[in-house]
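A.B. asks: File upload.cif follows (mmCIF, C-alpha atoms):
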```
data_protein
#
loop_
_atom_site.label_atom_id
_atom_site.label_comp_id
_atom_site.auth_asym_id
_atom_site.auth_seq_id
_atom_site.Cartn_x
_atom_site.Cartn_y
_atom_site.Cartn_z
CA MET A 1 0.00 0.00 0.00
CA ASN A 2 1.57 3.24 -1.12
CA VAL A 3 -0.46 5.83 0.81
CA LYS A 4 0.03 8.93 2.90
CA CYS A 5 -1.05 9.67 6.47
CA PRO A 6 -4.56 11.17 6.55
CA LYS A 7 -3.74 13.17 9.68
CA CYS A 8 -0.31 14.71 9.15
CA VAL A 9 -0.05 17.92 7.24
CA LYS A 10 3.36 16.78 6.05
CA SER A 11 1.67 13.94 4.13
CA THR A 12 3.98 11.37 5.68
CA GLN A 13 4.12 8.05 3.87
CA LEU A 14 2.57 5.18 5.85
CA ARG A 15 4.83 2.18 6.43
CA PHE A 16 3.89 -1.49 6.65
CA SER A 17 3.83 -2.87 10.19
CA GLN A 18 2.90 -6.13 11.86
CA PRO A 19 3.86 -6.19 15.54
CA THR A 20 3.62 -9.62 17.14
CA GLY A 21 0.05 -10.52 17.98
CA GLN A 22 -1.46 -7.55 16.12
CA PRO A 23 -3.05 -7.22 12.70
CA ILE A 24 -1.11 -5.92 9.74
CA SER A 25 -1.40 -2.13 9.69
CA TYR A 26 0.10 0.89 8.01
CA CYS A 27 1.73 3.30 10.45
CA CYS A 28 2.76 6.93 10.42
CA GLY A 29 6.18 7.63 11.90
CA THR A 30 5.25 11.27 12.55
CA CYS A 31 1.93 11.08 14.46
CA ASP A 32 2.10 7.38 15.48
CA GLY A 33 -1.35 6.73 13.98
CA GLN A 34 -2.13 3.51 12.18
CA PHE A 35 -4.52 2.40 9.47
CA LEU A 36 -6.18 -1.02 9.52
CA THR A 37 -7.70 -2.39 6.35
CA ALA A 38 -10.87 -4.42 6.83
CA ASP A 39 -9.33 -7.52 5.20
CA ASN A 40 -6.20 -7.47 7.36
CA TYR A 41 -8.20 -6.91 10.55
CA ILE A 42 -10.77 -9.65 9.83
CA SER A 43 -8.01 -12.14 8.91
CA TRP A 44 -6.21 -11.35 12.17
CA GLN A 45 -9.45 -11.58 14.16
CA GLN A 46 -10.24 -15.01 12.68
CA ARG A 47 -6.78 -16.29 13.66
CA LEU A 48 -7.25 -14.82 17.14
CA GLY A 49 -10.29 -16.99 17.84
CA ALA A 50 -12.81 -16.21 20.55
CA ILE A 51 -13.52 -12.62 21.55
CA LEU A 52 -12.02 -11.84 24.95
CA PRO A 53 -14.21 -10.47 27.74
CA GLU A 54 -13.99 -6.71 28.24
CA LYS A 55 -11.84 -5.48 31.11
CA PRO A 56 -12.52 -2.34 33.15
CA ASP A 57 -10.40 0.74 32.64
CA ALA A 58 -7.10 -0.01 34.37
CA ASP A 59 -5.39 3.33 34.78
CA GLY A 60 -6.22 5.50 31.78
CA SER A 61 -2.61 6.67 31.53
CA PHE A 62 -2.46 6.79 27.74
CA ASP A 63 -1.74 10.05 25.95
CA PHE A 64 -4.18 10.54 23.07
CA ASP A 65 -4.05 12.84 20.09
CA ASP A 66 -7.49 12.35 18.54
CA ALA A 67 -7.84 13.94 15.11
CA VAL A 68 -10.19 16.93 15.25
CA ARG A 69 -10.94 17.41 11.58
CA ALA A 70 -12.52 14.99 9.15
CA MET A 71 -9.96 12.92 7.27
CA MET A 72 -9.81 11.20 3.94
CA CYS A 73 -9.28 7.45 3.93
CA PRO A 74 -5.69 6.62 2.98
CA SER A 75 -6.88 3.56 1.07
CA CYS A 76 -9.84 4.74 -1.02
CA SER A 77 -10.07 8.52 -0.36
CA GLY A 78 -13.54 8.18 1.18
CA ILE A 79 -14.47 10.49 4.03
CA MET A 80 -13.73 8.93 7.42
CA VAL A 81 -16.50 9.25 10.01
CA LYS A 82 -15.91 9.36 13.78
CA TYR A 83 -17.45 6.65 15.97
CA ARG A 84 -17.32 6.11 19.71
CA ALA A 85 -15.77 2.83 20.82
CA LYS A 86 -17.04 3.13 24.41
CA ASN A 87 -18.59 6.00 26.34
CA ASP A 88 -15.79 6.02 28.91
CA LEU A 89 -12.96 6.20 26.37
CA PRO A 90 -11.76 9.75 25.61
CA PHE A 91 -11.40 9.26 21.86
CA GLN A 92 -13.32 8.30 18.75
CA LEU A 93 -12.25 5.97 15.96
CA ASP A 94 -12.22 7.12 12.34
CA PHE A 95 -14.04 4.73 10.01
CA CYS A 96 -14.34 4.68 6.23
CA ARG A 97 -17.78 3.51 5.15
CA ARG A 98 -16.57 2.92 1.62
CA CYS A 99 -13.78 0.38 2.28
CA ASN A 100 -14.34 -0.31 6.02
CA GLY A 101 -10.83 0.83 6.89
CA VAL A 102 -10.11 2.21 10.37
CA TRP A 103 -7.71 4.96 11.41
CA LEU A 104 -6.38 4.72 14.97
CA ASP A 105 -4.68 7.79 16.38
CA LYS A 106 -1.70 7.51 18.73
CA ASN A 107 -2.31 5.01 21.59
CA GLU A 108 -5.90 4.20 20.61
CA TRP A 109 -4.92 0.60 19.79
CA ASN A 110 -3.11 0.37 23.14
CA ALA A 111 -6.18 1.63 25.02
CA LEU A 112 -8.47 -0.80 23.19
CA PHE A 113 -6.01 -3.63 23.84
CA ALA A 114 -5.80 -2.79 27.55
CA ARG A 115 -9.59 -3.19 27.78
CA ASN A 116 -9.78 -6.29 25.51
CA LEU A 117 -11.73 -4.23 22.99
CA HIS A 118 -9.10 -4.63 20.27
CA ASP A 119 -10.83 -7.78 19.03
CA GLU A 120 -14.21 -6.05 18.55
CA ILE A 121 -13.25 -3.05 16.42
CA ASN A 122 -15.30 -4.24 13.45
CA PHE A 123 -18.46 -4.32 15.63
CA MET A 124 -18.01 -0.77 16.93
CA PHE A 125 -19.28 0.75 13.70
CA THR A 126 -22.55 -1.18 13.63
CA ASP A 127 -25.95 0.35 14.36
CA GLY A 128 -26.41 -2.05 17.29
CA TRP A 129 -23.14 -1.08 19.01
CA GLN A 130 -23.75 2.65 18.53
CA ALA A 131 -27.41 2.35 19.69
CA LYS A 132 -26.22 0.63 22.88
CA LEU A 133 -23.76 3.47 23.53
CA ASN A 134 -26.56 6.01 22.98
CA ARG A 135 -28.83 4.16 25.45
CA GLU A 136 -26.02 4.09 28.02
CA ARG A 137 -25.39 7.85 27.60
CA LEU A 138 -29.12 8.59 27.94
CA ALA A 139 -29.44 6.41 31.06
CA ARG A 140 -26.40 8.09 32.62
CA ARG A 141 -27.80 11.56 31.83
CA LEU A 142 -31.23 10.70 33.27
CA ASP A 143 -29.48 9.37 36.36
CA GLU A 144 -27.53 12.64 36.72
CA LEU A 145 -30.70 14.72 36.33
CA PHE A 146 -32.53 12.62 38.94
CA ARG A 147 -29.61 12.97 41.36
CA GLU A 148 -29.59 16.76 40.90
CA ARG A 149 -33.36 16.97 41.40
CA VAL A 150 -33.71 14.87 44.58
CA GLY A 151 -30.30 15.45 46.20
CA GLU A 152 -27.52 13.05 47.07
CA ASP A 153 -29.06 11.52 50.20
CA ALA A 154 -32.40 10.72 48.56
CA TYR A 155 -30.60 9.48 45.45
CA GLN A 156 -28.51 7.02 47.51
CA ARG A 157 -31.59 5.74 49.33
CA VAL A 158 -33.62 5.32 46.15
CA THR A 159 -30.83 3.52 44.30
CA ALA A 160 -30.28 1.19 47.26
CA PHE A 161 -34.01 0.43 47.26
CA LYS A 162 -33.97 -0.09 43.49
CA ASP A 163 -31.06 -2.53 43.80
CA TRP A 164 -32.93 -4.41 46.55
CA LEU A 165 -36.14 -4.43 44.49
CA GLU A 166 -34.41 -5.96 41.46
CA ASP A 167 -33.63 -9.08 43.55
CA GLN A 168 -37.21 -9.56 44.76
CA ASP A 169 -39.50 -12.24 43.39
CA HIS A 170 -42.59 -10.05 43.91
CA GLN A 171 -41.43 -6.81 42.27
CA THR A 172 -44.76 -6.14 40.59
CA GLU A 173 -46.72 -6.58 43.82
CA ILE A 174 -44.33 -4.37 45.79
CA ILE A 175 -44.55 -1.58 43.20
CA ALA A 176 -48.36 -1.90 43.08
CA TRP A 177 -48.55 -1.73 46.89
CA LEU A 178 -46.34 1.38 46.94
CA ARG A 179 -48.57 3.09 44.37
CA GLU A 180 -51.76 2.10 46.15
CA SER A 181 -50.54 3.04 49.62
CA ARG A 182 -49.37 6.41 48.28
CA ASP A 183 -52.70 7.04 46.55
CA GLY A 184 -54.55 6.16 49.75
CA ARG A 185 -52.76 8.95 51.67
CA ASP A 186 -53.80 11.80 49.34
#
```
Would you mind giving the structure from this file in structure tokens?

C.D. replies:
Amino acid sequence: MNVKCPKCVKSTQLRFSQPTGQPISYCCGTCDGQFLTADNYISWQQRLGAILPEKPDADGSFDFDDAVRAMMCPSCSGIMVKYRAKNDLPFQLDFCRRCNGVWLDKNEWNALFARNLHDEINFMFTDGWQAKLNRERLARRLDELFRERVGEDAYQRVTAFKDWLEDQDHQTEIIAWLRESRDGRD
């Protein structure tokens, strides 16, 4: 592949790279970004075998340099679109819808690897993955709004009760009784 870095203004030539245990990629020596073709990634993923379970964020000590502007795919010149990998990761991956190539800025592969997300990159651009992230963001925002509205003490009590209620066999009856007993006091 004879292509130039989509991020660097110097138009640095990408070089072939295949570190042990990683897919073949094309790396920029200036910005330390790397480009994964869909074929190379899928071949590597198939050799890898089963998808590893996700790990929690260990220390978050990576230094990121996420591209701010839209970039052109180094493989097919399509426009690369930004996608979230996870809500708690401070970067977005650049994806080409035309050829399915992925641009990873400096340390993004390392962060994905540290969380065992490196073997799911191809799923991150699907409607299902992105919809799940949107639901998680909405739930977190609603939780924040509720906490602000009722105060910290009430929030802690309600969430403890909610956690207890989720383990009960008679959830429906308990909720019905709470509604009825409340309505009876008005």

A.B. asks: Taking into account all atoms listed in the file, which residue in the set A:Leu104, A:Ala114, A:Val81, A:Leu52 is nearest to Asp32 in chain A?

C.D. replies: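 Comparing A:Leu104, A:Ala114, A:Val81, A:Leu52 against Asp32 in chain A, the winner is A:Leu104.
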
A.B. asks: CA of Ala50 in chain A and CA of Trp103 in chain A, how far apart in Å?

C.D. replies: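 Rounded to one decimal, the two atoms are 23.6 Å apart.
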
A.B. asks: Could you check how far CA of Thr30 in chain A sits from CA of Cys76 in chain A, in Å to one decimal?

C.D. replies: 21.3 Å

A.B. asks: Looking at A:Phe91, A:Phe161, A:Asn107, A:Ser25, which one is nearest to Ile174 in chain A, with distances taken over all atoms listed in the file?

C.D. replies: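 With all atoms listed in the file as the atom set, the closest residue is A:Phe161.
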
A.B. asks: Might you pull out every residue within 9 Å of Lys86 in chain A, with only C-alpha atoms counted and same-chain residues fewer than 5 positions away left off, and present them as a list in words?

C.D. replies: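 In the requested form, the answer reads Phe91, Gln92, Met124, Gln130 and Leu133 of chain A.
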
A.B. asks: With all atoms listed in the file as the basis for distance, which of A:Thr37, A:Trp177, A:Arg140, A:Pro53 is at the shortest distance from Arg98 in chain A?

C.D. replies: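 Of A:Thr37, A:Trp177, A:Arg140, A:Pro53, the one nearest Arg98 in chain A, counting all atoms listed in the file, is A:Thr37.
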
A.B. asks: Sort by chain and increasing residue number a table of all residues of range 25-102 of chain A within 12 Å of range 5-20 of chain A, each with its closest pair of atoms and their distance in Å to one decimal, counting only C-alpha atoms, and write it as a Markdown table.

C.D. replies:
```
| residue | atom | partner | partner_atom | distance |
| --- | --- | --- | --- | --- |
| A:Ser25 | CA | A:Ser17 | CA | 5.3 |
| A:Tyr26 | CA | A:Phe16 | CA | 4.7 |
| A:Cys27 | CA | A:Leu14 | CA | 5.0 |
| A:Cys28 | CA | A:Leu14 | CA | 4.9 |
| A:Gly29 | CA | A:Leu14 | CA | 7.5 |
| A:Thr30 | CA | A:Thr12 | CA | 7.0 |
| A:Cys31 | CA | A:Cys8 | CA | 6.8 |
| A:Asp32 | CA | A:Cys5 | CA | 9.8 |
| A:Gly33 | CA | A:Cys5 | CA | 8.1 |
| A:Gln34 | CA | A:Leu14 | CA | 8.1 |
| A:Phe35 | CA | A:Leu14 | CA | 8.4 |
| A:Leu36 | CA | A:Ser17 | CA | 10.2 |
| A:Thr37 | CA | A:Phe16 | CA | 11.6 |
| A:Asn40 | CA | A:Gln18 | CA | 10.2 |
| A:Tyr41 | CA | A:Gln18 | CA | 11.2 |
| A:Trp44 | CA | A:Gln18 | CA | 10.5 |
| A:Asp65 | CA | A:Lys7 | CA | 10.4 |
| A:Asp66 | CA | A:Lys7 | CA | 9.7 |
| A:Ala67 | CA | A:Lys7 | CA | 6.8 |
| A:Val68 | CA | A:Lys7 | CA | 9.3 |
| A:Arg69 | CA | A:Lys7 | CA | 8.6 |
| A:Ala70 | CA | A:Lys7 | CA | 9.0 |
| A:Met71 | CA | A:Pro6 | CA | 5.7 |
| A:Met72 | CA | A:Pro6 | CA | 5.9 |
| A:Cys73 | CA | A:Pro6 | CA | 6.6 |
| A:Pro74 | CA | A:Pro6 | CA | 5.9 |
| A:Ser75 | CA | A:Pro6 | CA | 9.7 |
| A:Cys76 | CA | A:Pro6 | CA | 11.2 |
| A:Ser77 | CA | A:Pro6 | CA | 9.2 |
| A:Gly78 | CA | A:Pro6 | CA | 10.9 |
| A:Ile79 | CA | A:Pro6 | CA | 10.2 |
| A:Met80 | CA | A:Pro6 | CA | 9.5 |
| A:Asp94 | CA | A:Pro6 | CA | 10.4 |
| A:Phe95 | CA | A:Pro6 | CA | 12.0 |
| A:Cys96 | CA | A:Pro6 | CA | 11.7 |
| A:Val102 | CA | A:Pro6 | CA | 11.2 |
```

A.B. asks: Quick one: pull the distance between CA of Gln46 in chain A and CA of Thr126 in chain A, Å, one decimal.

C.D. replies: 18.5 Å

A.B. asks: Written as a PyMOL selection string, what is the full residue list that the PyMOL selection byres ((chain A and resi 48) around 12) yields on the file shown?

C.D. replies: chain A and resi 21-23+41-47+49-52+118-120

A.B. asks: Here is a test: counting all atoms listed in the file, which residue of A:Asp39, A:Asp88, A:Glu136, A:Glu148 is nearest to Ile24 in chain A?

C.D. replies: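 The answer is A:Asp39, which sits nearest to Ile24 in chain A.
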
A.B. asks: Please produce range 81-94 of chain A, completed to N, CA, C and O atoms, as a compact mmCIF listing (two decimals), keeping the file's coordinate frame.

C.D. replies:
```txt
# COMPACT_ATOMS: atom_id res chain seq x y z
N VAL A 81 -15.50 8.78 9.05
CA VAL A 81 -16.50 9.25 10.01
C VAL A 81 -16.09 8.80 11.40
O VAL A 81 -15.62 7.68 11.59
N LYS A 82 -16.29 9.67 12.39
CA LYS A 82 -15.91 9.36 13.78
C LYS A 82 -17.00 8.54 14.46
O LYS A 82 -18.17 8.84 14.34
N TYR A 83 -16.56 7.52 15.20
CA TYR A 83 -17.45 6.65 15.97
C TYR A 83 -16.87 6.47 17.36
O TYR A 83 -15.67 6.31 17.52
N ARG A 84 -17.73 6.42 18.35
CA ARG A 84 -17.32 6.11 19.71
C ARG A 84 -17.08 4.60 19.82
O ARG A 84 -17.86 3.82 19.30
N ALA A 85 -16.03 4.24 20.54
CA ALA A 85 -15.77 2.83 20.82
C ALA A 85 -16.50 2.45 22.11
O ALA A 85 -17.16 1.41 22.18
N LYS A 86 -16.37 3.28 23.11
CA LYS A 86 -17.04 3.13 24.41
C LYS A 86 -17.27 4.53 24.96
O LYS A 86 -16.50 5.45 24.68
N ASN A 87 -18.28 4.68 25.78
CA ASN A 87 -18.59 6.00 26.34
C ASN A 87 -17.51 6.49 27.29
O ASN A 87 -17.34 7.70 27.45
N ASP A 88 -16.79 5.59 27.93
CA ASP A 88 -15.79 6.02 28.91
C ASP A 88 -14.38 6.13 28.32
O ASP A 88 -13.43 6.35 29.05
N LEU A 89 -14.26 5.99 27.02
CA LEU A 89 -12.96 6.20 26.37
C LEU A 89 -12.93 7.63 25.81
O LEU A 89 -13.89 8.06 25.18
N PRO A 90 -11.82 8.34 25.99
CA PRO A 90 -11.76 9.75 25.61
C PRO A 90 -11.42 10.01 24.13
O PRO A 90 -10.90 11.07 23.81
N PHE A 91 -11.71 9.07 23.28
CA PHE A 91 -11.40 9.26 21.86
C PHE A 91 -12.47 8.59 21.01
O PHE A 91 -13.28 7.82 21.51
N GLN A 92 -12.43 8.91 19.72
CA GLN A 92 -13.32 8.30 18.75
C GLN A 92 -12.46 7.69 17.65
O GLN A 92 -11.37 8.20 17.35
N LEU A 93 -12.96 6.62 17.06
CA LEU A 93 -12.25 5.97 15.96
C LEU A 93 -12.75 6.53 14.65
O LEU A 93 -13.93 6.88 14.52
N ASP A 94 -11.86 6.62 13.67
CA ASP A 94 -12.22 7.12 12.34
C ASP A 94 -12.44 5.92 11.42
O ASP A 94 -11.56 5.07 11.28
```
